[in-house]
Amino acid sequence: MEGIVETMESMKPPQDMGFEKFGCSHYRRRCKLRAPCCDEIFDCRHCHNEAKNSMDVDPVNRHDLPRHDLKRVVCSLCSTEQDVQQHCNNCGVCMGKYFCSKCNFFDDDVRFLVSKNQYHCNECGICRTGGQENFFHCNKCGCCYSTLLKDSHKCVERAMHHNCPICFEYLFDTTKDITVLHCGHTIHLECVKAMEHHFQYACPVCSKSYCDMSSVWEKLDREVWILCNDCGETTQVNFHIVAHKCLKCNSYNTRQTRGGPSRCS
């Protein structure tokens, strides 16, 4: 069986050799990058950034790979180092089915080549996914947003040019999904879900509610009946999330008996 696979591989056109067999955990591609900053070879810029910004590296020497300064790549099939281009000038292999010469980006992942619908945004200076027809570039925010937000989002200057307030990963060129909160601040979608899991519904940047909390506020405004454990008096008071005060003896040693929420949910 192994011999048959090798025969079928050898029958492919030169540009299709090794398709989807090379790359890293971030991208499928048939080339490696010569980092212009440190002159070392990495599978992709994320691999470089993870290695050069780890806790083992002296803080003085930590840095990111400047993608637009990339000049040299190494073919994964024949190991020929050459200028940035889509096809190897030695063996002719296509080093990335999707190739952008503006930001030096290669992508060979057949599972997502169509669904990613990649395009280059000249204003952002990098390639985005999702189809150019589905996004617009907001000049004030300095990033691309879904066309669904064109007339409704709140502009925040350079909205994505900062780290995620939860995980501290740089948002502008992250590979993870991003969501825009009602206040205009941006955050990873998975980080928002993690906040909701811990019952946190306020923007970590400005503290404004990022979802409709009116039903919760209504519950908190209700009156409840309490029994004072000290004087035994039963009274009706406004609900409080911390404690309820007895109107007769002013004790907080009380318990809710009926009416309103027994807890905030």
# chains A, B, ... in the order shown; residues from 1 in each chain; ligands from 1
$ select_by_dssp --residues "region 19-209 of chain A" --states "strand (DSSP E)" --output "PyMOL selection string"
chain A and resi 31-34+41-42+72-75+81-83+98-100+105-107+119-121+126-128+135-138+143-146+178-180+186-188
$ closest_atom_pairs --of "region 161-198 of chain A" --to "region 207-224 of chain A" --cutoff "8 Å" --atoms "only C-alpha atoms" --output "JSON lines"
{"residue": "A:Leu181", "atom": "CA", "partner": "A:Tyr210", "partner_atom": "CA", "distance": 5.7}
{"residue": "A:His182", "atom": "CA", "partner": "A:Tyr210", "partner_atom": "CA", "distance": 5.6}
{"residue": "A:Cys183", "atom": "CA", "partner": "A:Lys208", "partner_atom": "CA", "distance": 6.9}
$ atom_distance --atom1 "CA of Cys124 (chain A)" --atom2 "CA of Cys144 (chain A)"
7.5 Å
$ residues_around --residues "Cys121 (chain A)" --least-positions-apart "5" --cutoff "9 Å" --atoms "only C-alpha atoms" --output "list in words"
Ile126, Cys127, Arg128, Gln132, His137 and Cys144 of chain A
$ write_last_selection --atoms "N, CA and C atoms" --output "compact mmCIF listing (two decimals), in the first residue's frame"
# COMPACT_ATOMS: atom_id res chain seq x y z
N ILE A 126 -2.95 43.21 5.85
CA ILE A 126 -2.83 41.76 6.02
C ILE A 126 -4.00 41.06 5.36
N CYS A 127 -3.92 39.73 5.27
CA CYS A 127 -5.00 38.94 4.70
C CYS A 127 -6.03 38.61 5.78
N ARG A 128 -7.29 38.69 5.38
CA ARG A 128 -8.40 38.35 6.26
C ARG A 128 -9.15 37.16 5.69
N GLN A 132 -14.27 39.17 1.02
CA GLN A 132 -14.23 40.64 1.01
C GLN A 132 -15.61 41.27 0.92
N HIS A 137 -13.90 47.89 5.88
CA HIS A 137 -12.83 48.41 6.72
C HIS A 137 -13.26 49.74 7.31
N CYS A 144 -11.16 45.52 10.03
CA CYS A 144 -12.29 45.05 9.24
C CYS A 144 -13.38 44.49 10.15
$ select_by_dssp --residues "region 85-241 of chain A" --states "helix (DSSP H, G or I)" --output "list in words"
Leu113, Val114, Ser115, Lys116, Gln132, Glu133, Asn134, Thr147, Leu148, Leu149, Leu189, Glu190, Cys191, Val192, Lys193, Ala194, Met195, Glu196, His197, Ser214, Ser215, Val216, Trp217, Glu218, Lys219, Leu220 and Asp221 of chain A
$ closest_residue --among "A:Cys103, A:Lys154, A:Asp173, A:Ile166" --to "His185 (chain A)" --atoms "only C-alpha atoms"
A:Lys154
$ residues_around --residues "Cys88 (chain A)" --least-positions-apart "2" --cutoff "12 Å" --atoms "only C-alpha atoms" --output "ChimeraX atom specification"
/A:14-17,30-32,72-86,90-96
$ write_last_selection --atoms "N, CA, C and O atoms" --output "compact mmCIF listing (two decimals), in the first residue's frame"
# COMPACT_ATOMS: atom_id res chain seq x y z
N PRO A 14 4.33 18.53 -10.84
CA PRO A 14 5.34 19.02 -9.89
C PRO A 14 4.79 20.02 -8.89
O PRO A 14 5.16 19.99 -7.71
N GLN A 15 3.89 20.90 -9.34
CA GLN A 15 3.38 21.93 -8.42
C GLN A 15 2.48 21.37 -7.32
O GLN A 15 2.24 22.03 -6.31
N ASP A 16 1.97 20.12 -7.51
CA ASP A 16 1.08 19.53 -6.52
C ASP A 16 1.77 18.55 -5.58
O ASP A 16 1.13 17.98 -4.69
N MET A 17 3.05 18.33 -5.76
CA MET A 17 3.78 17.39 -4.90
C MET A 17 3.77 17.86 -3.45
O MET A 17 3.97 19.04 -3.16
N ARG A 30 4.00 24.53 2.06
CA ARG A 30 5.17 23.78 1.62
C ARG A 30 6.43 24.64 1.56
O ARG A 30 7.25 24.52 0.66
N CYS A 31 6.55 25.50 2.53
CA CYS A 31 7.77 26.30 2.66
C CYS A 31 7.95 26.74 4.10
O CYS A 31 7.00 26.70 4.90
N LYS A 32 9.17 27.10 4.42
CA LYS A 32 9.48 27.67 5.73
C LYS A 32 9.99 29.09 5.52
O LYS A 32 10.37 29.47 4.42
N ARG A 72 12.98 35.93 2.32
CA ARG A 72 13.45 34.62 1.89
C ARG A 72 12.60 33.50 2.48
O ARG A 72 12.13 33.58 3.63
N VAL A 73 12.38 32.46 1.68
CA VAL A 73 11.67 31.26 2.13
C VAL A 73 12.48 30.04 1.72
O VAL A 73 13.35 30.11 0.84
N VAL A 74 12.18 28.91 2.37
CA VAL A 74 12.88 27.66 2.09
C VAL A 74 11.86 26.62 1.66
O VAL A 74 10.92 26.33 2.42
N CYS A 75 12.01 26.04 0.50
CA CYS A 75 11.09 25.02 0.00
C CYS A 75 11.15 23.80 0.91
O CYS A 75 12.22 23.28 1.22
N SER A 76 9.98 23.30 1.32
CA SER A 76 9.92 22.15 2.23
C SER A 76 10.25 20.84 1.52
O SER A 76 10.60 19.86 2.18
N LEU A 77 10.17 20.80 0.20
CA LEU A 77 10.44 19.57 -0.54
C LEU A 77 11.90 19.43 -0.94
O LEU A 77 12.49 18.36 -0.78
N CYS A 78 12.48 20.49 -1.48
CA CYS A 78 13.87 20.38 -1.96
C CYS A 78 14.85 21.19 -1.13
O CYS A 78 16.05 21.20 -1.43
N SER A 79 14.35 21.92 -0.12
CA SER A 79 15.18 22.70 0.81
C SER A 79 15.94 23.85 0.13
O SER A 79 16.95 24.32 0.65
N THR A 80 15.44 24.29 -1.00
CA THR A 80 16.08 25.41 -1.70
C THR A 80 15.63 26.73 -1.09
O THR A 80 14.43 27.01 -1.00
N GLU A 81 16.59 27.53 -0.68
CA GLU A 81 16.26 28.87 -0.17
C GLU A 81 16.21 29.85 -1.32
O GLU A 81 17.05 29.83 -2.23
N GLN A 82 15.21 30.71 -1.30
CA GLN A 82 14.95 31.59 -2.44
C GLN A 82 14.15 32.81 -1.99
O GLN A 82 13.71 32.89 -0.85
N ASP A 83 13.95 33.74 -2.93
CA ASP A 83 13.12 34.90 -2.66
C ASP A 83 11.67 34.47 -2.49
O ASP A 83 11.26 33.40 -2.97
N VAL A 84 10.87 35.30 -1.83
CA VAL A 84 9.46 34.98 -1.61
C VAL A 84 8.72 34.91 -2.94
O VAL A 84 8.73 35.86 -3.73
N GLN A 85 8.09 33.76 -3.20
CA GLN A 85 7.30 33.54 -4.42
C GLN A 85 6.43 32.31 -4.21
O GLN A 85 6.66 31.53 -3.29
N GLN A 86 5.42 32.15 -5.04
CA GLN A 86 4.47 31.06 -4.82
C GLN A 86 5.03 29.71 -5.24
O GLN A 86 4.75 28.69 -4.61
N ASN A 90 13.29 25.89 -7.98
CA ASN A 90 14.12 24.71 -8.23
C ASN A 90 13.31 23.50 -8.64
O ASN A 90 13.52 22.92 -9.71
N CYS A 91 12.32 23.10 -7.78
CA CYS A 91 11.53 21.90 -8.08
C CYS A 91 10.16 22.22 -8.66
O CYS A 91 9.43 21.32 -9.09
N GLY A 92 9.77 23.47 -8.65
CA GLY A 92 8.50 23.88 -9.27
C GLY A 92 7.27 23.67 -8.41
O GLY A 92 6.16 23.95 -8.86
N VAL A 93 7.42 23.18 -7.18
CA VAL A 93 6.27 22.93 -6.33
C VAL A 93 5.58 24.23 -5.93
O VAL A 93 6.22 25.27 -5.79
N CYS A 94 4.26 24.16 -5.81
CA CYS A 94 3.49 25.30 -5.33
C CYS A 94 3.58 25.32 -3.80
O CYS A 94 3.13 24.39 -3.14
N MET A 95 4.17 26.35 -3.24
CA MET A 95 4.42 26.37 -1.81
C MET A 95 3.19 26.79 -1.00
O MET A 95 3.18 26.68 0.22
N GLY A 96 2.14 27.22 -1.70
CA GLY A 96 0.88 27.56 -1.03
C GLY A 96 -0.21 27.78 -2.06
O GLY A 96 -0.06 28.63 -2.94
$ atom_distance --atom1 "CA of Asn229 (chain A)" --atom2 "CA of Cys246 (chain A)"
9.3 Å
$ residues_around --residues "Asp109 (chain A)" --least-positions-apart "3" --cutoff "12 Å" --atoms "only C-alpha atoms" --output "number ranges by chain"
A: 19-30, 95-99, 106, 112-118
$ write_last_selection --atoms "N, CA and C atoms" --output "compact mmCIF listing (two decimals), in the first residue's frame"
# COMPACT_ATOMS: atom_id res chain seq x y z
N PHE A 19 1.35 18.17 -1.36
CA PHE A 19 0.21 19.00 -0.94
C PHE A 19 -0.38 18.51 0.38
N GLU A 20 -0.51 19.41 1.35
CA GLU A 20 -1.07 19.16 2.68
C GLU A 20 -0.21 18.23 3.55
N LYS A 21 1.03 17.99 3.16
CA LYS A 21 1.89 17.11 3.95
C LYS A 21 2.93 17.88 4.75
N PHE A 22 2.96 19.20 4.56
CA PHE A 22 3.95 20.01 5.27
C PHE A 22 3.26 21.18 5.97
N GLY A 23 3.96 21.71 6.94
CA GLY A 23 3.42 22.84 7.69
C GLY A 23 3.58 22.66 9.18
N CYS A 24 2.74 23.36 9.93
CA CYS A 24 2.82 23.33 11.39
C CYS A 24 1.42 23.32 11.97
N SER A 25 1.31 23.54 13.26
CA SER A 25 -0.01 23.52 13.90
C SER A 25 -0.85 24.72 13.53
N HIS A 26 -0.22 25.74 12.95
CA HIS A 26 -0.95 26.95 12.58
C HIS A 26 -1.40 26.94 11.12
N TYR A 27 -0.53 26.49 10.21
CA TYR A 27 -0.83 26.53 8.77
C TYR A 27 -0.29 25.29 8.07
N ARG A 28 -0.98 24.91 6.99
CA ARG A 28 -0.45 23.92 6.05
C ARG A 28 0.22 24.72 4.93
N ARG A 29 1.48 24.41 4.63
CA ARG A 29 2.20 25.09 3.56
C ARG A 29 3.46 24.30 3.24
N ARG A 30 4.00 24.53 2.06
CA ARG A 30 5.17 23.78 1.62
C ARG A 30 6.43 24.64 1.56
N MET A 95 4.17 26.35 -3.24
CA MET A 95 4.42 26.37 -1.81
C MET A 95 3.19 26.79 -1.00
N GLY A 96 2.14 27.22 -1.70
CA GLY A 96 0.88 27.56 -1.03
C GLY A 96 -0.21 27.78 -2.06
N LYS A 97 -1.29 27.02 -1.97
CA LYS A 97 -2.40 27.19 -2.92
C LYS A 97 -2.93 28.62 -2.88
N TYR A 98 -2.98 29.15 -1.63
CA TYR A 98 -3.30 30.57 -1.49
C TYR A 98 -2.01 31.30 -1.20
N PHE A 99 -1.72 32.33 -1.98
CA PHE A 99 -0.49 33.09 -1.80
C PHE A 99 -0.78 34.58 -1.97
N PHE A 106 1.30 32.32 2.91
CA PHE A 106 1.07 31.07 2.20
C PHE A 106 0.06 30.24 2.99
N PHE A 112 -9.97 24.35 4.31
CA PHE A 112 -10.48 25.68 4.54
C PHE A 112 -10.21 26.66 3.40
N LEU A 113 -9.57 26.20 2.34
CA LEU A 113 -9.24 27.11 1.25
C LEU A 113 -10.49 27.80 0.70
N VAL A 114 -11.60 27.04 0.62
CA VAL A 114 -12.84 27.62 0.12
C VAL A 114 -13.60 28.33 1.23
N SER A 115 -13.76 27.64 2.38
CA SER A 115 -14.54 28.22 3.47
C SER A 115 -13.88 29.46 4.07
N LYS A 116 -12.54 29.52 4.05
CA LYS A 116 -11.85 30.70 4.57
C LYS A 116 -12.14 31.92 3.70
N ASN A 117 -12.23 31.70 2.38
CA ASN A 117 -12.52 32.80 1.45
C ASN A 117 -11.62 34.00 1.75
N GLN A 118 -10.33 33.76 1.66
CA GLN A 118 -9.35 34.77 2.05
C GLN A 118 -9.28 35.93 1.08
